[in-house]
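Engineer: Take a look at my_file-v2.csv, CSV, C-alpha atoms (C1' of nucleotides):
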```
chain,number,residue,atom,x,y,z
R,1,MET,CA,16.2,19.4,-8.3
R,2,ARG,CA,12.8,19.1,-6.7
R,3,GLN,CA,9.5,19.7,-8.3
R,4,MET,CA,9.7,17.6,-11.4
R,5,LYS,CA,8.0,18.7,-14.5
R,6,LEU,CA,5.2,16.2,-15.1
R,7,ASP,CA,3.1,16.2,-18.2
R,8,ASN,CA,-0.5,15.0,-18.3
R,9,PHE,CA,0.7,11.5,-19.3
R,10,ASP,CA,2.7,11.2,-16.2
R,11,ARG,CA,-0.1,12.5,-14.1
R,12,GLN,CA,-2.6,10.1,-15.5
R,13,LEU,CA,-0.1,7.3,-15.0
R,14,LEU,CA,0.4,8.3,-11.3
R,15,ASN,CA,-3.3,8.3,-10.7
R,16,LEU,CA,-3.6,4.8,-12.3
R,17,VAL,CA,-0.7,3.2,-10.5
R,18,GLN,CA,-1.8,4.6,-7.2
R,19,ALA,CA,-5.1,2.8,-7.7
R,20,ASP,CA,-3.5,-0.4,-8.9
R,21,SER,CA,0.2,-0.9,-9.4
R,22,SER,CA,-0.1,-4.5,-10.6
R,23,GLN,CA,-1.4,-3.5,-14.0
R,24,THR,CA,0.6,-4.4,-17.1
R,25,THR,CA,2.1,-1.7,-19.2
R,26,GLU,CA,-0.2,-2.9,-21.9
R,27,ARG,CA,-3.3,-2.3,-19.8
R,28,LEU,CA,-2.0,1.1,-18.8
R,29,ALA,CA,-1.4,1.9,-22.4
R,30,GLU,CA,-5.1,1.4,-23.1
R,31,GLN,CA,-6.1,3.9,-20.5
R,32,VAL,CA,-3.4,6.5,-21.3
R,33,ALA,CA,-3.0,7.3,-25.0
R,34,LEU,CA,0.5,6.0,-25.3
R,35,SER,CA,2.3,2.9,-26.4
R,36,PRO,CA,3.4,0.2,-23.9
R,37,SER,CA,7.0,1.2,-24.5
R,38,ALA,CA,6.4,4.8,-23.6
R,39,ILE,CA,4.5,3.8,-20.5
R,40,GLN,CA,7.4,1.6,-19.5
R,41,ARG,CA,10.0,4.3,-19.9
R,42,ARG,CA,7.9,6.8,-18.0
R,43,LEU,CA,7.3,4.5,-15.1
R,44,ARG,CA,11.0,3.7,-14.9
R,45,ARG,CA,11.8,7.5,-14.9
R,46,LEU,CA,9.1,8.2,-12.3
R,47,ARG,CA,10.6,5.5,-10.0
R,48,GLU,CA,14.2,6.6,-10.6
R,49,GLN,CA,13.3,10.2,-9.9
R,50,GLY,CA,11.6,9.2,-6.7
R,51,VAL,CA,8.1,10.4,-7.8
R,52,ILE,CA,7.0,6.8,-7.2
R,53,VAL,CA,8.6,5.9,-3.8
R,54,ARG,CA,7.7,2.3,-3.7
R,55,GLU,CA,4.9,-0.2,-4.4
R,56,THR,CA,3.1,-2.0,-1.6
R,57,ALA,CA,0.4,-4.5,-0.9
R,58,LEU,CA,-2.5,-3.4,1.2
R,59,VAL,CA,-3.7,-6.1,3.6
R,60,GLU,CA,-7.1,-6.5,5.2
R,61,PRO,CA,-6.9,-6.0,9.0
R,62,LYS,CA,-9.9,-8.4,9.6
R,63,GLU,CA,-7.9,-11.2,7.9
R,64,VAL,CA,-4.7,-10.8,9.9
R,65,GLY,CA,-6.0,-11.0,13.5
R,66,ARG,CA,-8.1,-7.9,13.6
R,67,PRO,CA,-5.5,-5.5,14.9
R,68,SER,CA,-6.6,-2.3,16.6
R,69,PHE,CA,-5.9,1.1,15.3
R,70,PHE,CA,-5.2,4.2,17.4
R,71,VAL,CA,-5.0,7.9,16.6
R,72,VAL,CA,-2.6,9.5,19.0
R,73,SER,CA,-1.9,13.2,19.7
R,74,LEU,CA,1.5,13.9,21.2
R,75,GLN,CA,2.5,16.9,23.1
R,76,VAL,CA,6.3,17.5,23.3
R,77,GLU,CA,8.3,19.8,25.5
R,78,ARG,CA,9.0,22.6,23.1
R,79,GLU,CA,12.0,23.1,21.9
R,80,ARG,CA,14.9,20.9,22.3
R,81,PRO,CA,16.1,20.2,18.8
R,82,GLU,CA,18.2,17.1,19.4
R,83,LEU,CA,15.4,15.4,21.3
R,84,LEU,CA,12.9,16.3,18.6
R,85,MET,CA,15.2,14.6,16.0
R,86,GLN,CA,15.5,11.6,18.2
R,87,LEU,CA,11.7,11.3,18.5
R,88,ARG,CA,11.4,11.4,14.7
R,89,LYS,CA,13.9,8.7,14.3
R,90,TRP,CA,12.1,6.7,17.0
R,91,LEU,CA,8.8,7.0,15.3
R,92,GLU,CA,10.3,6.0,11.9
R,93,ALA,CA,12.0,2.9,13.4
R,94,GLU,CA,8.9,1.6,15.1
R,95,PRO,CA,6.9,-0.6,12.7
R,96,ARG,CA,3.6,-0.2,14.6
R,97,ILE,CA,3.7,3.5,13.9
R,98,GLN,CA,2.1,3.6,10.5
R,99,GLN,CA,2.0,7.4,10.1
R,100,ALA,CA,3.4,10.4,11.9
R,101,PHE,CA,2.5,14.0,11.2
R,102,TYR,CA,4.1,17.1,12.7
R,103,VAL,CA,1.1,19.4,13.1
R,104,THR,CA,-0.1,22.8,14.2
R,105,GLY,CA,-2.6,23.3,17.0
R,106,GLU,CA,-2.8,21.8,20.5
R,107,ALA,CA,-0.9,18.7,19.6
R,108,ASP,CA,2.6,18.6,18.1
R,109,PHE,CA,2.4,15.2,16.5
R,110,VAL,CA,-0.5,13.1,15.4
R,111,LEU,CA,0.2,9.4,15.0
R,112,VAL,CA,-1.7,6.5,13.5
R,113,VAL,CA,-0.7,3.4,15.4
R,114,THR,CA,-1.6,-0.3,14.9
R,115,ALA,CA,-1.3,-3.0,17.5
R,116,PRO,CA,-2.7,-6.5,17.9
R,117,ASP,CA,-4.4,-5.6,21.1
R,118,THR,CA,-4.7,-2.8,23.7
R,119,GLU,CA,-1.9,-4.3,26.0
R,120,THR,CA,0.6,-4.2,23.2
R,121,TYR,CA,-0.4,-0.6,22.4
R,122,ASP,CA,0.0,0.4,26.1
R,123,ALA,CA,3.4,-1.2,26.2
R,124,LEU,CA,4.4,0.6,23.0
R,125,MET,CA,3.3,4.0,24.3
R,126,SER,CA,5.1,3.3,27.6
R,127,ARG,CA,8.3,2.7,25.7
R,128,LEU,CA,7.6,5.8,23.7
R,129,VAL,CA,7.4,8.1,26.7
R,130,SER,CA,10.2,6.5,28.7
R,131,GLU,CA,12.6,6.6,25.7
R,132,ASN,CA,11.6,10.1,24.7
R,133,PRO,CA,11.8,12.4,27.7
R,134,ASN,CA,10.5,15.4,25.7
R,135,VAL,CA,7.1,13.7,25.2
R,136,SER,CA,5.1,15.4,27.9
R,137,ARG,CA,1.6,14.0,27.3
R,138,PHE,CA,-0.4,12.1,24.8
R,139,THR,CA,-4.1,11.4,24.2
R,140,THR,CA,-5.4,8.3,22.5
R,141,ASN,CA,-8.4,7.9,20.3
R,142,VAL,CA,-9.2,4.2,19.7
R,143,ALA,CA,-10.6,3.4,16.2
R,144,LEU,CA,-13.9,1.6,16.5
R,145,GLY,CA,-14.0,1.3,12.8
R,146,ILE,CA,-12.2,2.2,9.7
R,147,VAL,CA,-14.2,3.9,7.0
R,148,LYS,CA,-11.4,4.4,4.6
R,149,ARG,CA,-7.7,3.6,4.4
R,150,GLY,CA,-5.4,4.8,1.7
R,151,LEU,CA,-2.5,7.1,0.8
R,152,THR,CA,-3.6,8.1,-2.6
R,153,ILE,CA,-2.7,11.7,-3.6
R,154,PRO,CA,-5.0,12.8,-6.4
R,155,VAL,CA,-2.8,14.3,-9.2
R,156,PRO,CA,-4.7,16.9,-11.1
R,157,LEU,CA,-4.1,17.2,-14.8
R,158,ALA,CA,-2.6,20.4,-16.0
R,159,SER,CA,-5.7,21.4,-17.9
R,160,GLU,CA,-8.0,20.7,-15.0
R,161,ASN,CA,-8.9,23.3,-12.4
R,162,SER,CA,-7.9,22.7,-8.8
R,163,ASP,CA,-11.6,22.1,-8.0
A,1,MET,CA,-15.7,-17.1,6.6
A,2,ARG,CA,-13.5,-14.5,8.1
A,3,GLN,CA,-10.3,-15.0,10.0
A,4,MET,CA,-8.3,-17.1,7.6
A,5,LYS,CA,-5.9,-19.6,8.9
A,6,LEU,CA,-2.5,-18.3,7.9
A,7,ASP,CA,0.7,-20.2,8.5
A,8,ASN,CA,4.1,-18.7,8.9
A,9,PHE,CA,4.8,-18.8,5.2
A,10,ASP,CA,1.8,-16.7,4.5
A,11,ARG,CA,2.7,-14.3,7.3
A,12,GLN,CA,6.3,-13.8,6.1
A,13,LEU,CA,4.9,-13.3,2.6
A,14,LEU,CA,2.5,-10.6,3.8
A,15,ASN,CA,5.3,-8.8,5.6
A,16,LEU,CA,7.4,-8.9,2.5
A,17,VAL,CA,4.8,-7.7,0.0
A,18,GLN,CA,3.7,-5.0,2.3
A,19,ALA,CA,7.3,-3.7,2.1
A,20,ASP,CA,7.6,-4.2,-1.6
A,21,SER,CA,4.9,-5.7,-3.8
A,22,SER,CA,7.0,-5.5,-7.0
A,23,GLN,CA,9.3,-8.4,-6.1
A,24,THR,CA,9.4,-11.4,-8.3
A,25,THR,CA,8.2,-14.7,-6.9
A,26,GLU,CA,11.8,-15.9,-7.3
A,27,ARG,CA,13.1,-13.2,-5.0
A,28,LEU,CA,10.4,-13.9,-2.5
A,29,ALA,CA,11.3,-17.5,-2.7
A,30,GLU,CA,14.8,-16.7,-1.6
A,31,GLN,CA,13.5,-15.0,1.5
A,32,VAL,CA,10.8,-17.4,2.4
A,33,ALA,CA,11.9,-21.0,2.3
A,34,LEU,CA,9.6,-22.1,-0.5
A,35,SER,CA,9.8,-22.7,-4.2
A,36,PRO,CA,8.6,-20.0,-6.6
A,37,SER,CA,5.6,-22.1,-7.6
A,38,ALA,CA,4.5,-22.3,-4.0
A,39,ILE,CA,4.9,-18.5,-3.5
A,40,GLN,CA,2.8,-17.9,-6.6
A,41,ARG,CA,0.0,-20.1,-5.4
A,42,ARG,CA,-0.1,-18.6,-2.0
A,43,LEU,CA,-0.1,-15.1,-3.3
A,44,ARG,CA,-3.0,-15.8,-5.6
A,45,ARG,CA,-4.9,-17.4,-2.7
A,46,LEU,CA,-4.2,-14.4,-0.5
A,47,ARG,CA,-5.5,-12.1,-3.1
A,48,GLU,CA,-8.6,-14.2,-3.9
A,49,GLN,CA,-9.4,-14.5,-0.2
A,50,GLY,CA,-9.1,-10.7,0.3
A,51,VAL,CA,-6.2,-10.9,2.6
A,52,ILE,CA,-4.3,-8.8,0.1
A,53,VAL,CA,-6.8,-6.1,-0.8
A,54,ARG,CA,-4.9,-4.4,-3.6
A,55,GLU,CA,-1.4,-3.3,-4.6
A,56,THR,CA,-0.6,0.4,-4.9
A,57,ALA,CA,2.2,2.8,-5.8
A,58,LEU,CA,3.2,5.3,-3.1
A,59,VAL,CA,4.0,8.8,-4.6
A,60,GLU,CA,6.2,11.4,-3.1
A,61,PRO,CA,4.2,14.6,-2.2
A,62,LYS,CA,7.1,16.9,-2.8
A,63,GLU,CA,7.2,15.7,-6.4
A,64,VAL,CA,3.6,16.2,-7.3
A,65,GLY,CA,3.0,19.8,-6.3
A,66,ARG,CA,3.7,19.7,-2.6
A,67,PRO,CA,0.1,19.1,-1.5
A,68,SER,CA,-0.8,19.9,2.1
A,69,PHE,CA,-2.0,17.3,4.6
A,70,PHE,CA,-4.6,17.9,7.3
A,71,VAL,CA,-5.7,15.9,10.3
A,72,VAL,CA,-9.3,16.6,11.0
A,73,SER,CA,-11.5,15.8,14.0
A,74,LEU,CA,-15.2,15.6,13.2
A,75,GLN,CA,-18.0,15.9,15.8
A,76,VAL,CA,-21.3,14.6,14.6
A,77,GLU,CA,-24.8,15.0,16.0
A,78,ARG,CA,-25.2,11.7,17.7
A,79,GLU,CA,-27.3,9.5,16.6
A,80,ARG,CA,-29.1,9.6,13.3
A,81,PRO,CA,-28.2,6.3,11.7
A,82,GLU,CA,-29.1,7.2,8.1
A,83,LEU,CA,-27.1,10.4,8.2
A,84,LEU,CA,-24.2,8.6,9.7
A,85,MET,CA,-24.3,6.1,6.8
A,86,GLN,CA,-24.5,9.0,4.4
A,87,LEU,CA,-21.5,10.6,5.9
A,88,ARG,CA,-19.5,7.4,5.6
A,89,LYS,CA,-20.4,7.1,1.9
A,90,TRP,CA,-19.5,10.7,1.4
A,91,LEU,CA,-16.1,10.3,2.9
A,92,GLU,CA,-15.4,7.1,0.9
A,93,ALA,CA,-16.4,8.8,-2.3
A,94,GLU,CA,-14.2,11.9,-1.8
A,95,PRO,CA,-10.7,11.2,-3.2
A,96,ARG,CA,-9.0,13.8,-1.1
A,97,ILE,CA,-10.1,12.0,2.1
A,98,GLN,CA,-7.2,9.5,2.4
A,99,GLN,CA,-8.3,8.0,5.6
A,100,ALA,CA,-11.3,8.0,7.9
A,101,PHE,CA,-11.5,6.5,11.4
A,102,TYR,CA,-14.5,6.2,13.5
A,103,VAL,CA,-13.1,6.8,17.0
A,104,THR,CA,-13.8,7.0,20.7
A,105,GLY,CA,-13.2,10.2,22.7
A,106,GLU,CA,-14.1,13.8,22.1
A,107,ALA,CA,-14.1,13.4,18.3
A,108,ASP,CA,-16.3,11.0,16.4
A,109,PHE,CA,-14.2,10.8,13.3
A,110,VAL,CA,-10.6,11.5,12.5
A,111,LEU,CA,-9.8,12.2,8.9
A,112,VAL,CA,-6.5,12.5,7.0
A,113,VAL,CA,-7.1,14.8,4.2
A,114,THR,CA,-4.9,16.0,1.3
A,115,ALA,CA,-5.3,19.0,-0.8
A,116,PRO,CA,-3.1,21.0,-3.2
A,117,ASP,CA,-3.6,24.2,-1.1
A,118,THR,CA,-5.5,25.6,1.8
A,119,GLU,CA,-8.2,27.1,-0.4
A,120,THR,CA,-9.1,23.7,-1.8
A,121,TYR,CA,-9.1,22.3,1.6
A,122,ASP,CA,-11.5,25.0,2.9
A,123,ALA,CA,-13.8,24.4,-0.1
A,124,LEU,CA,-13.8,20.7,0.6
A,125,MET,CA,-14.7,21.1,4.2
A,126,SER,CA,-17.4,23.6,3.4
A,127,ARG,CA,-18.9,21.0,1.1
A,128,LEU,CA,-18.6,18.4,3.8
A,129,VAL,CA,-20.5,20.3,6.4
A,130,SER,CA,-23.1,21.6,4.0
A,131,GLU,CA,-23.8,18.2,2.5
A,132,ASN,CA,-23.8,16.4,5.8
A,133,PRO,CA,-26.1,18.2,8.2
A,134,ASN,CA,-25.1,16.0,11.1
A,135,VAL,CA,-21.6,17.3,11.2
A,136,SER,CA,-21.8,19.8,14.0
A,137,ARG,CA,-18.2,20.8,14.3
A,138,PHE,CA,-14.7,20.0,13.2
A,139,THR,CA,-11.1,21.0,14.1
A,140,THR,CA,-8.2,21.1,11.7
A,141,ASN,CA,-4.6,20.3,12.4
A,142,VAL,CA,-2.4,21.3,9.5
A,143,ALA,CA,0.6,19.0,8.9
A,144,LEU,CA,3.8,21.0,8.9
A,145,GLY,CA,5.7,17.9,8.1
A,146,ILE,CA,5.3,14.2,7.5
A,147,VAL,CA,7.6,12.0,9.5
A,148,LYS,CA,6.3,8.8,8.3
A,149,ARG,CA,3.6,7.6,5.9
A,150,GLY,CA,2.5,4.0,5.4
A,151,LEU,CA,-0.3,1.4,5.9
A,152,THR,CA,1.8,-1.6,6.9
A,153,ILE,CA,0.4,-3.9,9.4
A,154,PRO,CA,3.1,-6.0,11.0
A,155,VAL,CA,2.1,-9.6,10.8
A,156,PRO,CA,3.6,-11.6,13.7
A,157,LEU,CA,4.7,-15.1,13.1
A,158,ALA,CA,2.9,-17.8,15.0
A,159,SER,CA,5.9,-18.8,17.0
A,160,GLU,CA,6.8,-15.3,18.0
A,161,ASN,CA,5.4,-13.5,21.0
A,162,SER,CA,3.1,-10.5,20.6
A,163,ASP,CA,5.9,-8.3,21.9
G,1,DG,C1',6.7,3.7,-31.1
G,2,DG,C1',7.8,-1.0,-32.7
G,3,DT,C1',10.6,-5.4,-32.6
G,4,DG,C1',13.2,-9.4,-30.9
G,5,DA,C1',15.5,-11.5,-26.7
G,6,DA,C1',15.2,-12.4,-21.7
G,7,DA,C1',12.6,-12.9,-17.7
G,8,DG,C1',8.7,-13.8,-15.2
G,9,DA,C1',4.1,-15.7,-14.4
G,10,DC,C1',0.8,-19.4,-15.0
G,11,DA,C1',-1.2,-24.2,-15.8
G,12,DC,C1',-0.2,-28.4,-15.6
G,13,DC,C1',2.9,-32.5,-13.8
G,14,DA,C1',4.4,-36.3,-10.7
G,15,DA,C1',6.1,-36.8,-5.9
G,16,DT,C1',5.9,-36.3,-0.8
G,17,DG,C1',4.5,-36.4,4.0
N,1,DC,C1',-5.3,-35.6,0.1
N,2,DA,C1',-3.6,-31.3,0.4
N,3,DT,C1',0.6,-29.0,-0.8
N,4,DT,C1',5.0,-29.2,-2.5
N,5,DG,C1',8.7,-28.5,-6.3
N,6,DG,C1',9.5,-29.0,-11.2
N,7,DT,C1',8.7,-28.4,-16.5
N,8,DG,C1',6.8,-26.3,-20.6
N,9,DT,C1',4.1,-22.5,-22.4
N,10,DC,C1',2.4,-18.1,-22.6
N,11,DT,C1',2.7,-13.4,-21.1
N,12,DT,C1',5.2,-9.3,-19.9
N,13,DT,C1',9.2,-6.8,-19.6
N,14,DC,C1',13.5,-5.0,-21.3
N,15,DA,C1',17.1,-3.3,-24.6
N,16,DC,C1',17.9,-1.8,-28.9
N,17,DC,C1',16.6,0.1,-33.3
```
Using structure tokens, write down the structure that the file contains.

Structural biologist:
Amino acid sequence: MRQMKLDNFDRQLLNLVQADSSQTTERLAEQVALSPSAIQRRLRRLREQGVIVRETALVEPKEVGRPSFFVVSLQVERERPELLMQLRKWLEAEPRIQQAFYVTGEADFVLVVTAPDTETYDALMSRLVSENPNVSRFTTNVALGIVKRGLTIPVPLASENSD
Amino acid sequence: MRQMKLDNFDRQLLNLVQADSSQTTERLAEQVALSPSAIQRRLRRLREQGVIVRETALVEPKEVGRPSFFVVSLQVERERPELLMQLRKWLEAEPRIQQAFYVTGEADFVLVVTAPDTETYDALMSRLVSENPNVSRFTTNVALGIVKRGLTIPVPLASENSD
DNA sequence: GGTGAAAGACACCAATG
DNA sequence: CATTGGTGTCTTTCACC
């Protein structure tokens, strides 16, 4: 059931709504060579099929109290499956964990964390280690600046080459 | 001009639209104790003031060709201001660079990169180093799995404590 | 892909604190 | 006097052909 067949119309559409999901179907129809009705039906399908997961507003950190951002590398005691699952759920449930990747290399997880200040961040990480016994160590990189911030996945058209 | 004064209505609204920006003003009005008209005016203001930067659709990687994700640490030859600026612009312009943080610690930048496959990723990083002479070294962590993916910044209400 | 009905957003309104 | 909730109009979406 995975790996939907997406034609180039779908792919164009995905690129457009990733850039701006507030566009009307009419405006989208101008950019993709389709009628508004067709756009509508495709968008509904893409949402129902889970290709489009959700639509969100991006807020400017400067405007909401200048929160800090941290990139955190986690080392976990390898391999206790239940504890690993618990950690994943913990990360998912914690709103200040924006992103969590399970990675190769020296670290096991890389997190992107946001917090209003360093104290809150410290408290959060203290809770993380105390409530997840398999987390053996972590290193923090404080973000001094954000050059770019997005989740857009470029969707290549079928006719295009990969690069 | 920065650091807008946001009351608790604005803050609630920001939390709601970060979770789901496709809600109607009427549905938002049910959750915030305001009329649809008030919600509308506030949303427009938040957009105009740049508190809400843009609205985007989040797509499921599994459904668009299972692209890979990489967390990259960049070391740059410190300090050649013009080259640093050039690097920032390069990162911004490159669609496969999802996020770029300027950080403290051993690395200077941390990137989150997406690419359809490892070859494309390699080619991208080759271009990065060849077109940015100040990038001295980088280390790659391949994401084996994504536990969580979002950009939501929790906006605390004025009456609430930080934690 | 087009068309008519329903829903939602937008531009004004007087009212309120 | 800024901000609210309400009303009419226009736009956009939705369901059906």

Engineer: Could you please determine the separation between CA of Glu92 (chain R) and CA of Phe69 (chain R) in Å, to one decimal place?

Structural biologist: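 Atom-to-atom, CA of Glu92 (chain R) to CA of Phe69 (chain R), that is 17.3 Å.
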
Engineer: Pick out the closest residue to chain N from this set: A:Leu128, A:Ala38, A:Val32, A:Val113. Count only C-alpha atoms (C1' of nucleotides).

Structural biologist: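 Of A:Leu128, A:Ala38, A:Val32, A:Val113, the one nearest chain N is A:Ala38, counting only C-alpha atoms (C1' of nucleotides).
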
Engineer: Return chain A as a compact mmCIF listing (two decimals) with C-alpha atoms, in the frame of the given file, after superposing it on chain R by a least-squares fit that covers all C-alpha atoms paired in order.

Structural biologist:
```
# COMPACT_ATOMS: atom_id res chain seq x y z
CA MET A 1 16.25 19.28 -8.26
CA ARG A 2 12.86 18.95 -6.75
CA GLN A 3 9.54 19.66 -8.36
CA MET A 4 9.73 17.58 -11.48
CA LYS A 5 8.03 18.72 -14.57
CA LEU A 6 5.26 16.22 -15.14
CA ASP A 7 3.02 16.28 -18.17
CA ASN A 8 -0.47 14.93 -18.35
CA PHE A 9 0.70 11.49 -19.33
CA ASP A 10 2.75 11.21 -16.23
CA ARG A 11 -0.10 12.54 -14.10
CA GLN A 12 -2.67 10.07 -15.50
CA LEU A 13 -0.09 7.32 -14.97
CA LEU A 14 0.39 8.30 -11.32
CA ASN A 15 -3.35 8.29 -10.74
CA LEU A 16 -3.61 4.88 -12.27
CA VAL A 17 -0.75 3.19 -10.42
CA GLN A 18 -1.83 4.68 -7.20
CA ALA A 19 -5.14 2.81 -7.73
CA ASP A 20 -3.51 -0.36 -8.89
CA SER A 21 0.23 -0.84 -9.31
CA SER A 22 -0.09 -4.44 -10.59
CA GLN A 23 -1.39 -3.47 -14.04
CA THR A 24 0.58 -4.42 -17.06
CA THR A 25 2.05 -1.66 -19.18
CA GLU A 26 -0.30 -2.86 -21.94
CA ARG A 27 -3.35 -2.21 -19.81
CA LEU A 28 -2.04 1.15 -18.80
CA ALA A 29 -1.45 1.88 -22.40
CA GLU A 30 -5.09 1.35 -23.12
CA GLN A 31 -6.04 3.94 -20.56
CA VAL A 32 -3.41 6.48 -21.28
CA ALA A 33 -3.03 7.22 -24.95
CA LEU A 34 0.52 5.95 -25.30
CA SER A 35 2.26 2.84 -26.50
CA PRO A 36 3.42 0.25 -23.96
CA SER A 37 7.06 1.13 -24.59
CA ALA A 38 6.37 4.73 -23.70
CA ILE A 39 4.51 3.75 -20.47
CA GLN A 40 7.44 1.56 -19.47
CA ARG A 41 9.94 4.33 -19.93
CA ARG A 42 7.94 6.83 -18.04
CA LEU A 43 7.33 4.51 -15.18
CA ARG A 44 11.01 3.75 -14.83
CA ARG A 45 11.78 7.49 -14.91
CA LEU A 46 9.16 8.15 -12.26
CA ARG A 47 10.63 5.56 -10.06
CA GLU A 48 14.26 6.65 -10.60
CA GLN A 49 13.32 10.26 -9.92
CA GLY A 50 11.53 9.31 -6.65
CA VAL A 51 8.17 10.38 -7.79
CA ILE A 52 7.04 6.82 -7.21
CA VAL A 53 8.56 5.99 -3.85
CA ARG A 54 7.71 2.31 -3.66
CA GLU A 55 4.92 -0.15 -4.46
CA THR A 56 3.13 -1.95 -1.63
CA ALA A 57 0.42 -4.52 -0.95
CA LEU A 58 -2.50 -3.35 1.21
CA VAL A 59 -3.67 -6.12 3.67
CA GLU A 60 -7.06 -6.45 5.18
CA PRO A 61 -6.94 -6.05 9.04
CA LYS A 62 -9.83 -8.36 9.63
CA GLU A 63 -7.84 -11.14 7.97
CA VAL A 64 -4.66 -10.84 9.92
CA GLY A 65 -5.87 -10.97 13.50
CA ARG A 66 -8.10 -7.95 13.67
CA PRO A 67 -5.46 -5.53 14.96
CA SER A 68 -6.65 -2.34 16.63
CA PHE A 69 -5.92 1.14 15.30
CA PHE A 70 -5.24 4.21 17.43
CA VAL A 71 -5.02 7.89 16.65
CA VAL A 72 -2.64 9.52 19.02
CA SER A 73 -1.94 13.18 19.79
CA LEU A 74 1.53 13.84 21.18
CA GLN A 75 2.52 16.98 23.13
CA VAL A 76 6.22 17.52 23.31
CA GLU A 77 8.31 19.83 25.48
CA ARG A 78 8.99 22.57 23.04
CA GLU A 79 11.97 23.08 21.90
CA ARG A 80 14.93 20.79 22.29
CA PRO A 81 16.06 20.19 18.74
CA GLU A 82 18.14 17.05 19.38
CA LEU A 83 15.36 15.36 21.28
CA LEU A 84 12.92 16.27 18.61
CA MET A 85 15.19 14.62 16.02
CA GLN A 86 15.46 11.61 18.27
CA LEU A 87 11.76 11.33 18.54
CA ARG A 88 11.36 11.46 14.78
CA LYS A 89 13.90 8.63 14.35
CA TRP A 90 12.15 6.67 17.01
CA LEU A 91 8.82 6.93 15.34
CA GLU A 92 10.27 6.02 11.91
CA ALA A 93 11.97 2.99 13.35
CA GLU A 94 8.87 1.62 15.14
CA PRO A 95 6.89 -0.59 12.71
CA ARG A 96 3.64 -0.22 14.54
CA ILE A 97 3.69 3.57 13.96
CA GLN A 98 2.04 3.66 10.50
CA GLN A 99 1.99 7.35 10.19
CA ALA A 100 3.39 10.41 11.91
CA PHE A 101 2.46 14.05 11.24
CA TYR A 102 4.06 17.03 12.67
CA VAL A 103 1.10 19.40 13.11
CA THR A 104 -0.10 22.81 14.18
CA GLY A 105 -2.61 23.27 17.02
CA GLU A 106 -2.84 21.84 20.49
CA ALA A 107 -0.96 18.65 19.55
CA ASP A 108 2.54 18.57 18.15
CA PHE A 109 2.32 15.20 16.54
CA VAL A 110 -0.50 13.01 15.38
CA LEU A 111 0.25 9.34 15.06
CA VAL A 112 -1.68 6.43 13.52
CA VAL A 113 -0.70 3.41 15.37
CA THR A 114 -1.58 -0.29 14.97
CA ALA A 115 -1.32 -3.00 17.45
CA PRO A 116 -2.71 -6.54 17.82
CA ASP A 117 -4.37 -5.61 21.18
CA THR A 118 -4.63 -2.89 23.73
CA GLU A 119 -1.93 -4.38 25.93
CA THR A 120 0.63 -4.14 23.14
CA TYR A 121 -0.45 -0.70 22.45
CA ASP A 122 -0.02 0.37 26.11
CA ALA A 123 3.45 -1.25 26.17
CA LEU A 124 4.41 0.61 23.04
CA MET A 125 3.35 3.93 24.36
CA SER A 126 5.07 3.33 27.66
CA ARG A 127 8.25 2.72 25.71
CA LEU A 128 7.66 5.85 23.72
CA VAL A 129 7.37 8.15 26.65
CA SER A 130 10.15 6.52 28.61
CA GLU A 131 12.58 6.60 25.71
CA ASN A 132 11.69 10.09 24.65
CA PRO A 133 11.85 12.38 27.65
CA ASN A 134 10.46 15.31 25.72
CA VAL A 135 7.10 13.74 25.28
CA SER A 136 5.11 15.42 28.00
CA ARG A 137 1.68 14.09 27.28
CA PHE A 138 -0.40 12.18 24.81
CA THR A 139 -4.11 11.37 24.18
CA THR A 140 -5.41 8.23 22.57
CA ASN A 141 -8.41 7.86 20.33
CA VAL A 142 -9.22 4.22 19.75
CA ALA A 143 -10.61 3.42 16.27
CA LEU A 144 -13.92 1.63 16.56
CA GLY A 145 -14.03 1.32 12.85
CA ILE A 146 -12.16 2.18 9.70
CA VAL A 147 -14.20 3.87 7.04
CA LYS A 148 -11.48 4.36 4.64
CA ARG A 149 -7.75 3.61 4.45
CA GLY A 150 -5.38 4.77 1.72
CA LEU A 151 -2.42 7.06 0.80
CA THR A 152 -3.56 8.21 -2.63
CA ILE A 153 -2.77 11.66 -3.62
CA PRO A 154 -4.99 12.83 -6.44
CA VAL A 155 -2.84 14.22 -9.17
CA PRO A 156 -4.71 16.91 -11.15
CA LEU A 157 -4.13 17.18 -14.81
CA ALA A 158 -2.59 20.38 -16.06
CA SER A 159 -5.62 21.43 -17.99
CA GLU A 160 -8.03 20.80 -15.18
CA ASN A 161 -8.88 23.31 -12.50
CA SER A 162 -7.85 22.75 -8.88
CA ASP A 163 -11.50 22.16 -8.03
```

Engineer: Find the spatial neighbours of region 8-16 of chain N, counting all atoms listed in the file, within a cut-off of 12 Å - ignore same-chain residues fewer than 6 positions away - and output them as JSON, numbers by chain.

Structural biologist: {"R": [22, 23, 24, 25, 26, 27, 36, 37, 39, 40, 41, 44], "G": [2, 3, 4, 5, 6, 7, 8, 9, 10, 11, 12, 13]}

Engineer: Please compute the CA of Gly50 (chain R)-CA of Leu16 (chain R) distance, one decimal, in Å.

Structural biologist: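 Between CA of Gly50 (chain R) and CA of Leu16 (chain R) the gap works out to 16.8 Å.
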
Engineer: Of the candidates R:Leu124, R:Ala93, R:Val76, R:Val147, which one gets nearest to chain A if we count only C-alpha atoms?

Structural biologist: R:Val147

Engineer: Would you work out the distance separating CA of Pro154 (chain A) from CA of Glu119 (chain R), expressed in Å to one decimal?

Structural biologist: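 Between these atoms lies a distance of 15.9 Å.
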
Engineer: What lies within 10 Å of Ala19 (chain R) using all atoms listed in the file, ignoring chain neighbours under 2 positions off, as number ranges by chain?

Structural biologist: R: 13-17, 21-23, 150-152; A: 54-58
